[in-house]
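Below is model.tsv, which holds TSV, C-alpha atoms (C1' of nucleotides).
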```tsv
chain	number	residue	atom	x	y	z
N	1	MET	CA	88.88	33.66	-62.98
N	2	ILE	CA	89.98	37.21	-62.78
N	3	ILE	CA	93.72	37.87	-62.98
N	4	THR	CA	94.16	39.65	-66.22
N	5	ARG	CA	97.67	40.62	-65.38
N	6	ALA	CA	100.27	39.72	-62.80
N	7	ILE	CA	101.16	41.78	-59.79
N	8	ASP	CA	104.39	43.69	-59.89
N	9	PRO	CA	105.65	43.99	-56.32
N	10	THR	CA	108.39	46.37	-57.38
N	11	GLY	CA	106.25	48.91	-59.22
N	12	PRO	CA	105.27	52.26	-57.78
N	13	GLU	CA	101.71	51.04	-57.36
N	14	PRO	CA	101.33	48.93	-54.19
N	15	PRO	CA	100.01	45.38	-54.71
N	16	TYR	CA	96.67	46.08	-53.06
N	17	ARG	CA	95.97	48.80	-55.61
N	18	GLN	CA	97.09	46.66	-58.52
N	19	ILE	CA	94.72	43.93	-57.43
N	20	ALA	CA	91.96	46.49	-57.02
N	21	ALA	CA	92.56	47.76	-60.53
N	22	ASP	CA	92.39	44.20	-61.77
N	23	ILE	CA	89.06	43.48	-60.13
N	24	ARG	CA	87.78	46.91	-61.11
N	25	ALA	CA	88.59	46.12	-64.72
N	26	ALA	CA	86.78	42.79	-64.44
N	27	ILE	CA	83.69	44.61	-63.20
N	28	GLU	CA	83.83	47.27	-65.86
N	29	SER	CA	84.36	44.74	-68.62
N	30	GLY	CA	81.34	42.76	-67.49
N	31	GLU	CA	83.33	39.71	-66.50
N	32	LEU	CA	81.94	40.32	-63.03
N	33	ARG	CA	78.35	41.49	-63.12
N	34	PRO	CA	76.20	43.36	-60.61
N	35	GLY	CA	74.96	41.08	-57.87
N	36	GLN	CA	77.60	38.50	-58.57
N	37	ARG	CA	79.90	37.46	-55.79
N	38	ILE	CA	83.56	38.15	-56.25
N	39	PRO	CA	86.13	35.52	-55.25
N	40	THR	CA	86.55	34.93	-51.53
N	41	GLU	CA	89.48	36.38	-49.66
N	42	SER	CA	91.13	32.96	-49.60
N	43	GLU	CA	90.72	32.58	-53.33
N	44	LEU	CA	92.20	36.00	-53.96
N	45	VAL	CA	95.10	35.17	-51.65
N	46	GLU	CA	95.90	32.11	-53.73
N	47	ALA	CA	95.26	33.78	-57.06
N	48	TYR	CA	97.47	36.79	-56.47
N	49	GLU	CA	99.87	35.14	-54.04
N	50	VAL	CA	99.66	37.84	-51.41
N	51	ALA	CA	98.78	37.90	-47.74
N	52	ARG	CA	95.17	38.02	-46.63
N	53	SER	CA	95.70	41.44	-45.12
N	54	THR	CA	96.64	42.69	-48.56
N	55	VAL	CA	93.52	41.21	-50.08
N	56	ARG	CA	91.38	42.74	-47.35
N	57	ARG	CA	92.98	46.08	-48.08
N	58	THR	CA	91.91	45.68	-51.71
N	59	VAL	CA	88.38	44.69	-50.80
N	60	ARG	CA	88.10	47.65	-48.47
N	61	LEU	CA	89.22	50.02	-51.20
N	62	LEU	CA	86.68	48.68	-53.66
N	63	ARG	CA	84.00	48.87	-50.98
N	64	GLU	CA	84.90	52.49	-50.27
N	65	GLU	CA	84.65	53.19	-53.97
N	66	GLY	CA	81.16	51.77	-53.91
N	67	LEU	CA	82.01	49.06	-56.43
N	68	ILE	CA	81.21	46.19	-54.11
N	69	THR	CA	79.26	45.51	-50.95
N	70	THR	CA	80.39	43.03	-48.32
N	71	VAL	CA	78.10	40.73	-46.37
N	72	PRO	CA	79.78	39.29	-43.27
N	73	GLN	CA	80.16	35.54	-43.38
N	74	ARG	CA	78.93	35.55	-46.95
N	75	GLY	CA	81.22	37.40	-49.24
N	76	SER	CA	81.49	40.54	-51.33
N	77	TYR	CA	79.21	41.28	-54.23
N	78	VAL	CA	79.43	43.59	-57.18
N	79	ALA	CA	77.23	46.59	-56.46
N	80	GLY	CA	74.58	47.94	-58.76
N	81	ARG	CA	71.71	45.53	-58.30
A	1	MET	CA	95.85	63.03	-22.21
A	2	ILE	CA	92.72	61.45	-23.52
A	3	ILE	CA	91.73	58.14	-22.00
A	4	THR	CA	88.51	58.88	-20.25
A	5	ARG	CA	87.78	55.22	-19.72
A	6	ALA	CA	89.59	51.94	-20.08
A	7	ILE	CA	89.15	49.53	-22.95
A	8	ASP	CA	87.16	46.41	-22.30
A	9	PRO	CA	88.53	43.70	-24.60
A	10	THR	CA	85.68	41.36	-23.65
A	11	GLY	CA	82.80	43.70	-24.43
A	12	PRO	CA	80.71	43.45	-27.58
A	13	GLU	CA	82.31	46.61	-28.93
A	14	PRO	CA	85.72	45.91	-30.47
A	15	PRO	CA	88.64	47.86	-29.01
A	16	TYR	CA	89.15	49.97	-32.10
A	17	ARG	CA	85.60	51.25	-31.78
A	18	GLN	CA	85.91	51.86	-28.06
A	19	ILE	CA	89.01	53.92	-28.65
A	20	ALA	CA	87.28	55.80	-31.43
A	21	ALA	CA	84.40	56.59	-29.11
A	22	ASP	CA	86.88	57.81	-26.55
A	23	ILE	CA	88.64	60.16	-28.95
A	24	ARG	CA	85.32	61.22	-30.41
A	25	ALA	CA	84.17	62.18	-26.94
A	26	ALA	CA	87.37	64.14	-26.38
A	27	ILE	CA	86.70	66.08	-29.57
A	28	GLU	CA	83.08	66.73	-28.76
A	29	SER	CA	83.90	67.82	-25.25
A	30	GLY	CA	86.46	70.31	-26.51
A	31	GLU	CA	89.38	68.55	-24.92
A	32	LEU	CA	90.67	68.18	-28.45
A	33	ARG	CA	89.96	71.24	-30.56
A	34	PRO	CA	89.77	71.78	-34.32
A	35	GLY	CA	93.22	72.01	-35.86
A	36	GLN	CA	94.85	70.35	-32.91
A	37	ARG	CA	96.88	67.23	-33.50
A	38	ILE	CA	95.70	64.08	-31.84
A	39	PRO	CA	98.20	61.78	-30.12
A	40	THR	CA	100.54	59.87	-32.42
A	41	GLU	CA	99.94	56.24	-33.23
A	42	SER	CA	102.73	55.25	-30.86
A	43	GLU	CA	101.22	57.31	-28.06
A	44	LEU	CA	97.82	55.76	-28.59
A	45	VAL	CA	99.39	52.31	-28.68
A	46	GLU	CA	100.95	52.91	-25.29
A	47	ALA	CA	97.97	54.73	-23.82
A	48	TYR	CA	95.41	52.09	-24.68
A	49	GLU	CA	97.78	49.14	-24.65
A	50	VAL	CA	96.74	47.78	-28.00
A	51	ALA	CA	98.57	46.93	-31.19
A	52	ARG	CA	99.43	49.57	-33.70
A	53	SER	CA	97.13	48.01	-36.26
A	54	THR	CA	94.26	48.52	-33.86
A	55	VAL	CA	95.10	52.18	-33.43
A	56	ARG	CA	95.32	52.61	-37.17
A	57	ARG	CA	91.90	51.03	-37.50
A	58	THR	CA	90.59	53.66	-35.07
A	59	VAL	CA	92.22	56.54	-36.88
A	60	ARG	CA	90.84	55.31	-40.17
A	61	LEU	CA	87.33	55.16	-38.74
A	62	LEU	CA	87.52	58.70	-37.39
A	63	ARG	CA	88.91	59.90	-40.69
A	64	GLU	CA	86.05	58.25	-42.57
A	65	GLU	CA	83.66	59.98	-40.21
A	66	GLY	CA	85.26	63.27	-41.11
A	67	LEU	CA	86.26	64.00	-37.55
A	68	ILE	CA	89.96	64.12	-38.30
A	69	THR	CA	92.24	64.59	-41.26
A	70	THR	CA	95.54	62.80	-41.61
A	71	VAL	CA	98.66	64.34	-43.05
A	72	PRO	CA	101.16	61.68	-44.09
A	73	GLN	CA	104.39	61.82	-42.09
A	74	ARG	CA	102.88	64.46	-39.84
A	75	GLY	CA	99.93	63.22	-37.91
A	76	SER	CA	96.17	63.44	-37.64
A	77	TYR	CA	94.35	66.62	-36.81
A	78	VAL	CA	90.90	67.41	-35.56
A	79	ALA	CA	88.85	68.62	-38.50
A	80	GLY	CA	86.85	71.79	-38.60
A	81	ARG	CA	89.43	74.47	-39.04
R	1	DT	C1'	70.22	17.30	-34.10
R	2	DG	C1'	75.04	17.76	-34.20
R	3	DA	C1'	79.51	18.34	-36.25
R	4	DT	C1'	82.39	20.36	-39.71
R	5	DA	C1'	83.79	23.65	-43.15
R	6	DT	C1'	83.64	28.20	-44.99
R	7	DT	C1'	84.06	33.22	-44.83
R	8	DT	C1'	84.51	37.63	-42.99
R	9	DG	C1'	85.89	40.43	-38.66
R	10	DT	C1'	89.16	41.51	-35.36
R	11	DA	C1'	93.65	41.55	-33.22
R	12	DC	C1'	98.29	40.47	-32.44
R	13	DG	C1'	103.41	41.06	-33.82
R	14	DT	C1'	107.03	42.23	-37.13
R	15	DA	C1'	109.47	44.22	-41.13
R	16	DT	C1'	110.54	47.53	-44.74
R	17	DG	C1'	109.98	51.91	-47.34
R	18	DT	C1'	109.47	56.86	-47.62
R	19	DA	C1'	109.09	61.52	-46.07
R	20	DT	C1'	109.67	64.90	-42.55
R	21	DT	C1'	111.85	66.85	-38.62
V	1	DT	C1'	122.94	61.65	-39.30
V	2	DA	C1'	119.47	60.09	-36.55
V	3	DA	C1'	114.65	60.09	-34.87
V	4	DT	C1'	109.94	60.29	-35.91
V	5	DA	C1'	105.66	58.98	-38.30
V	6	DC	C1'	102.75	57.13	-41.72
V	7	DA	C1'	102.07	53.44	-45.66
V	8	DT	C1'	102.40	48.98	-46.98
V	9	DA	C1'	103.07	44.09	-46.42
V	10	DC	C1'	104.03	39.75	-44.31
V	11	DG	C1'	102.27	35.94	-41.13
V	12	DT	C1'	99.37	34.11	-37.29
V	13	DA	C1'	95.37	33.33	-34.32
V	14	DC	C1'	90.74	33.24	-32.75
V	15	DA	C1'	85.67	34.70	-32.94
V	16	DA	C1'	81.15	34.86	-35.09
V	17	DA	C1'	77.87	33.78	-38.48
V	18	DT	C1'	76.61	31.00	-42.14
V	19	DA	C1'	76.48	26.91	-45.07
V	20	DT	C1'	76.94	22.12	-45.59
V	21	DC	C1'	77.04	17.33	-44.38
```
Will you turn the file into C-alpha coordinates for me?
Amino acid sequence: MIITRAIDPTGPEPPYRQIAADIRAAIESGELRPGQRIPTESELVEAYEVARSTVRRTVRLLREEGLITTVPQRGSYVAGR
Amino acid sequence: MIITRAIDPTGPEPPYRQIAADIRAAIESGELRPGQRIPTESELVEAYEVARSTVRRTVRLLREEGLITTVPQRGSYVAGR
DNA sequence: TGATATTTGTACGTATGTATT
DNA sequence: TAATACATACGTACAAATATC
(Lines of atoms letter the chains of each structure in order from A and count residues from 1; the text may use other names and numbers.)
(Lines give C-alpha, C1' and ligand atoms only; values in the text may rest on other atoms or scores of the structure.)
Protein backbone atom coordinates (compact mmCIF):
# COMPACT_ATOMS: atom_id res chain seq x y z
CA MET A 1 0.00 0.00 0.00
CA ILE A 2 0.87 3.60 0.37
CA ILE A 3 1.46 4.89 3.90
CA THR A 4 5.08 5.71 3.99
CA ARG A 5 4.74 7.53 7.23
CA ALA A 6 2.16 7.93 9.94
CA ILE A 7 -0.10 10.90 10.39
CA ASP A 8 0.70 13.29 13.18
CA PRO A 9 -2.56 14.83 14.34
CA THR A 10 -0.72 17.29 16.55
CA GLY A 11 1.64 18.73 13.96
CA PRO A 12 1.15 22.10 12.33
CA GLU A 13 0.22 20.39 9.08
CA PRO A 14 -3.44 19.25 9.11
CA PRO A 15 -4.02 15.52 8.53
CA TYR A 16 -5.57 16.00 5.11
CA ARG A 17 -2.40 17.69 3.89
CA GLN A 18 -0.16 15.06 5.43
CA ILE A 19 -2.10 12.36 3.64
CA ALA A 20 -1.91 14.35 0.43
CA ALA A 21 1.83 14.65 0.78
CA ASP A 22 2.01 10.91 1.32
CA ILE A 23 0.06 10.07 -1.80
CA ARG A 24 1.90 12.76 -3.74
CA ALA A 25 5.17 11.14 -2.77
CA ALA A 26 3.87 7.75 -3.88
CA ILE A 27 3.03 9.21 -7.27
CA GLU A 28 6.33 10.97 -7.66
CA SER A 29 8.29 7.91 -6.62
CA GLY A 30 6.49 5.80 -9.19
CA GLU A 31 4.78 3.60 -6.63
CA LEU A 32 1.56 4.90 -8.14
CA ARG A 33 1.79 5.28 -11.89
CA PRO A 34 -0.21 7.35 -14.38
CA GLY A 35 -3.55 5.75 -15.14
CA GLN A 36 -3.45 3.64 -12.04
CA ARG A 37 -6.30 3.91 -9.59
CA ILE A 38 -5.46 5.13 -6.14
CA PRO A 39 -7.03 3.44 -3.10
CA THR A 40 -10.73 4.03 -2.58
CA GLU A 41 -11.95 6.49 -0.01
CA SER A 42 -12.89 3.62 2.29
CA GLU A 43 -9.44 2.12 1.97
CA LEU A 44 -7.80 5.43 2.75
CA VAL A 45 -10.09 5.87 5.74
CA GLU A 46 -8.92 2.56 7.15
CA ALA A 47 -5.29 3.04 6.20
CA TYR A 48 -4.89 6.46 7.77
CA GLU A 49 -7.55 6.07 10.43
CA VAL A 50 -9.32 9.32 9.68
CA ALA A 51 -12.86 10.26 8.79
CA ARG A 52 -14.09 10.00 5.23
CA SER A 53 -14.54 13.75 5.06
CA THR A 54 -10.84 14.11 5.74
CA VAL A 55 -9.97 11.69 2.98
CA ARG A 56 -12.27 13.50 0.57
CA ARG A 57 -10.54 16.73 1.47
CA THR A 58 -7.24 15.11 0.52
CA VAL A 59 -8.57 13.76 -2.74
CA ARG A 60 -9.99 17.15 -3.62
CA LEU A 61 -6.64 18.80 -2.98
CA LEU A 62 -4.80 16.35 -5.19
CA ARG A 63 -7.45 16.79 -7.87
CA GLU A 64 -7.07 20.56 -7.72
CA GLU A 65 -3.34 20.10 -8.08
CA GLY A 66 -3.98 18.11 -11.22
CA LEU A 67 -2.29 15.02 -9.84
CA ILE A 68 -5.37 12.83 -10.06
CA THR A 69 -8.69 12.72 -11.84
CA THR A 70 -11.85 11.38 -10.25
CA VAL A 71 -14.48 9.33 -12.05
CA PRO A 72 -17.77 9.20 -10.12
CA GLN A 73 -18.71 5.72 -9.00
CA ARG A 74 -15.35 4.47 -10.20
CA GLY A 75 -12.51 5.99 -8.31
CA SER A 76 -9.61 8.39 -8.66
CA TYR A 77 -6.75 7.81 -11.03
CA VAL A 78 -3.25 9.17 -11.27
CA ALA A 79 -3.21 11.76 -14.02
CA GLY A 80 -0.78 11.86 -16.88
CA ARG A 81 -2.05 9.18 -19.22
CA MET B 1 -30.38 40.62 0.80
CA ILE B 2 -29.74 38.16 -1.95
CA ILE B 3 -32.19 35.29 -2.26
CA THR B 4 -33.82 35.87 -5.57
CA ARG B 5 -35.40 32.45 -5.56
CA ALA B 6 -35.89 29.61 -3.13
CA ILE B 7 -33.84 26.45 -3.06
CA ASP B 8 -35.46 23.32 -4.39
CA PRO B 9 -33.94 20.39 -2.50
CA THR B 10 -35.67 17.91 -4.83
CA GLY B 11 -34.41 19.33 -8.11
CA PRO B 12 -31.58 17.79 -10.10
CA GLU B 13 -29.31 20.67 -9.16
CA PRO B 14 -27.84 20.23 -5.67
CA PRO B 15 -28.54 23.04 -3.21
CA TYR B 16 -24.96 24.23 -3.12
CA ARG B 17 -25.09 24.84 -6.85
CA GLN B 18 -28.46 26.54 -6.68
CA ILE B 19 -27.15 28.90 -4.05
CA ALA B 20 -24.05 29.54 -6.12
CA ALA B 21 -26.20 30.39 -9.11
CA ASP B 22 -28.18 32.74 -6.92
CA ILE B 23 -25.12 34.60 -5.66
CA ARG B 24 -23.60 34.54 -9.12
CA ALA B 25 -26.72 36.21 -10.45
CA ALA B 26 -26.53 38.82 -7.71
CA ILE B 27 -22.96 39.60 -8.74
CA GLU B 28 -23.74 39.75 -12.42
CA SER B 29 -26.76 41.94 -11.85
CA GLY B 30 -24.71 44.41 -9.84
CA GLU B 31 -26.58 43.77 -6.63
CA LEU B 32 -23.23 42.66 -5.28
CA ARG B 33 -20.38 44.79 -6.57
CA PRO B 34 -16.64 44.18 -6.85
CA GLY B 35 -14.92 44.61 -3.51
CA GLN B 36 -18.13 44.21 -1.60
CA ARG B 37 -18.33 41.51 1.02
CA ILE B 38 -20.87 38.80 0.48
CA PRO B 39 -23.03 37.62 3.39
CA THR B 40 -21.24 35.61 6.07
CA GLU B 41 -21.53 31.87 6.21
CA SER B 42 -23.92 32.16 9.13
CA GLU B 43 -26.10 34.60 7.23
CA LEU B 44 -26.21 32.34 4.21
CA VAL B 45 -27.02 29.37 6.44
CA GLU B 46 -30.01 31.22 7.83
CA ALA B 47 -31.07 32.77 4.54
CA TYR B 48 -31.13 29.55 2.56
CA GLU B 49 -31.86 27.25 5.48
CA VAL B 50 -29.09 24.81 4.74
CA ALA B 51 -26.18 23.45 6.72
CA ARG B 52 -22.99 25.37 7.05
CA SER B 53 -21.10 22.73 5.11
CA THR B 54 -23.40 23.35 2.18
CA VAL B 55 -22.74 27.06 2.28
CA ARG B 56 -19.02 26.44 2.43
CA ARG B 57 -19.34 24.21 -0.61
CA THR B 58 -20.99 27.11 -2.43
CA VAL B 59 -18.35 29.62 -1.40
CA ARG B 60 -15.63 27.25 -2.50
CA LEU B 61 -17.23 26.84 -5.91
CA LEU B 62 -17.51 30.59 -6.43
CA ARG B 63 -13.94 31.03 -5.30
CA GLU B 64 -12.76 28.40 -7.76
CA GLU B 65 -14.66 30.24 -10.46
CA GLY B 66 -12.78 33.37 -9.54
CA LEU B 67 -15.93 35.28 -8.73
CA ILE B 68 -14.98 35.88 -5.12
CA THR B 69 -11.88 35.91 -2.97
CA THR B 70 -11.88 34.76 0.62
CA VAL B 71 -9.90 36.39 3.38
CA PRO B 72 -9.52 34.08 6.37
CA GLN B 73 -11.22 35.40 9.49
CA ARG B 74 -12.72 38.24 7.48
CA GLY B 75 -15.08 37.06 4.82
CA SER B 76 -15.47 36.62 1.09
CA TYR B 77 -15.47 39.50 -1.33
CA VAL B 78 -16.63 39.94 -4.87
CA ALA B 79 -13.57 39.83 -7.11
CA GLY B 80 -12.69 42.39 -9.70
CA ARG B 81 -11.38 45.28 -7.71
C1' DT C 1 -33.28 -10.65 -15.14
C1' DG C 2 -32.79 -9.31 -10.50
C1' DA C 3 -30.43 -8.50 -6.23
C1' DT C 4 -26.38 -7.05 -3.80
C1' DA C 5 -22.08 -4.67 -3.07
C1' DT C 6 -19.05 -0.96 -4.12
C1' DT C 7 -17.76 3.88 -4.71
C1' DT C 8 -18.26 8.63 -5.15
C1' DG C 9 -21.54 12.76 -4.38
C1' DT C 10 -24.22 15.36 -1.41
C1' DA C 11 -26.02 16.88 2.98
C1' DC C 12 -26.82 16.98 7.73
C1' DG C 13 -25.06 18.12 12.64
C1' DT C 14 -21.37 18.96 15.97
C1' DA C 15 -16.84 20.15 17.98
C1' DT C 16 -12.39 22.42 18.38
C1' DG C 17 -8.69 25.67 16.97
C1' DT C 18 -7.05 30.14 15.48
C1' DA C 19 -7.24 34.89 14.17
C1' DT C 20 -9.64 39.18 14.05
C1' DT C 21 -12.72 42.56 15.78
C1' DT D 1 -12.95 39.62 27.69
C1' DA D 2 -16.21 38.28 24.59
C1' DA D 3 -18.07 37.84 19.86
C1' DT D 4 -17.28 36.82 15.21
C1' DA D 5 -15.58 34.08 11.28
C1' DC D 6 -12.99 30.80 8.82
C1' DA D 7 -10.30 26.07 8.90
C1' DT D 8 -10.27 21.57 10.12
C1' DA D 9 -12.15 17.27 11.76
C1' DC D 10 -15.35 13.99 13.55
C1' DG D 11 -19.56 11.00 12.58
C1' DT D 12 -23.92 9.83 10.08
C1' DA D 13 -27.19 9.17 6.31
C1' DC D 14 -28.97 8.65 1.78
C1' DA D 15 -28.64 8.99 -3.47
C1' DA D 16 -26.79 7.65 -7.92
C1' DA D 17 -24.02 5.04 -10.92
C1' DT D 18 -21.37 1.13 -11.58
C1' DA D 19 -19.72 -3.57 -10.87
C1' DT D 20 -20.55 -8.13 -9.47
C1' DC D 21 -23.06 -12.26 -8.42
Sorted per-residue table, chain V near range 4-17 of chain R, closest atoms and distance, 8 Å, all atoms listed in the file, as CSV:
```
residue,atom,partner,partner_atom,distance
V:DC10,C1',R:DA15,C1',7.7
V:DA13,C1',R:DC12,C1',7.9
V:DA19,C1',R:DT6,C1',7.3
V:DT20,C1',R:DA5,C1',7.4
V:DC21,C1',R:DT4,C1',7.7
```
* Taking only C-alpha atoms (C1' of nucleotides) into account, which residues of chain V are within 12 Å of chain N, as a list in words? -> DA7, DT8, DA9, DC10, DG11, DT12, DA15, DA16, DA17, DT18 and DA19 of chain V
* Asked: Just how far from CA of Gln36 in chain N is CA of Arg63 in chain N, in Å to one decimal?
  -> 14.4 Å
* Quick one: of N:Pro12, N:Gly80, N:Gly75, N:Gly66, who's nearest to Gly35 in chain N, counting all atoms listed in the file? ->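 Closest candidate: N:Gly80.
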* Asked: Which distance in Å separates CA of Ala21 in chain N and CA of Tyr77 in chain N, to one decimal?
  ->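 For CA of Ala21 in chain N relative to CA of Tyr77 in chain N, the distance reads 16.1 Å.
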* Computed interatomic separation between CA of Ile27 in chain A and CA of Leu61 in chain A (Å) ->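 CA of Leu61 in chain A lies 14.3 Å from CA of Ile27 in chain A.
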* Selected residue of minimal separation from Glu49 in chain A among A:Leu67, A:Ile19, A:Val78, A:Ala26, counting all atoms listed in the file ->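 So, comparing all the options, the nearest one is A:Ile19.
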* To do: Give as a PyMOL selection string each residue that has an atom at most 12 Å from (88.8, 57.5, -29.3) in the file, counting all atoms listed in the file.
  => chain A and resi 1-7+15-28+31-32+38-39+41+44-45+47-48+54-63+67-68+78
* Minimum-distance residue to chain R, chosen among A:Glu65, A:Pro34, A:Val71, A:Ser29 (using all atoms listed in the file) -> A:Val71
Set up a box along x, y and z of the file covering all listed atoms of range 58-62 of chain A, add 4 Å on every one of the six sides, and write the centre and edge lengths in Å to one decimal, as JSON.
```
{"center_x": 89.8, "center_y": 56.2, "center_z": -37.6, "size_x": 12.9, "size_y": 13.0, "size_z": 13.1}
```
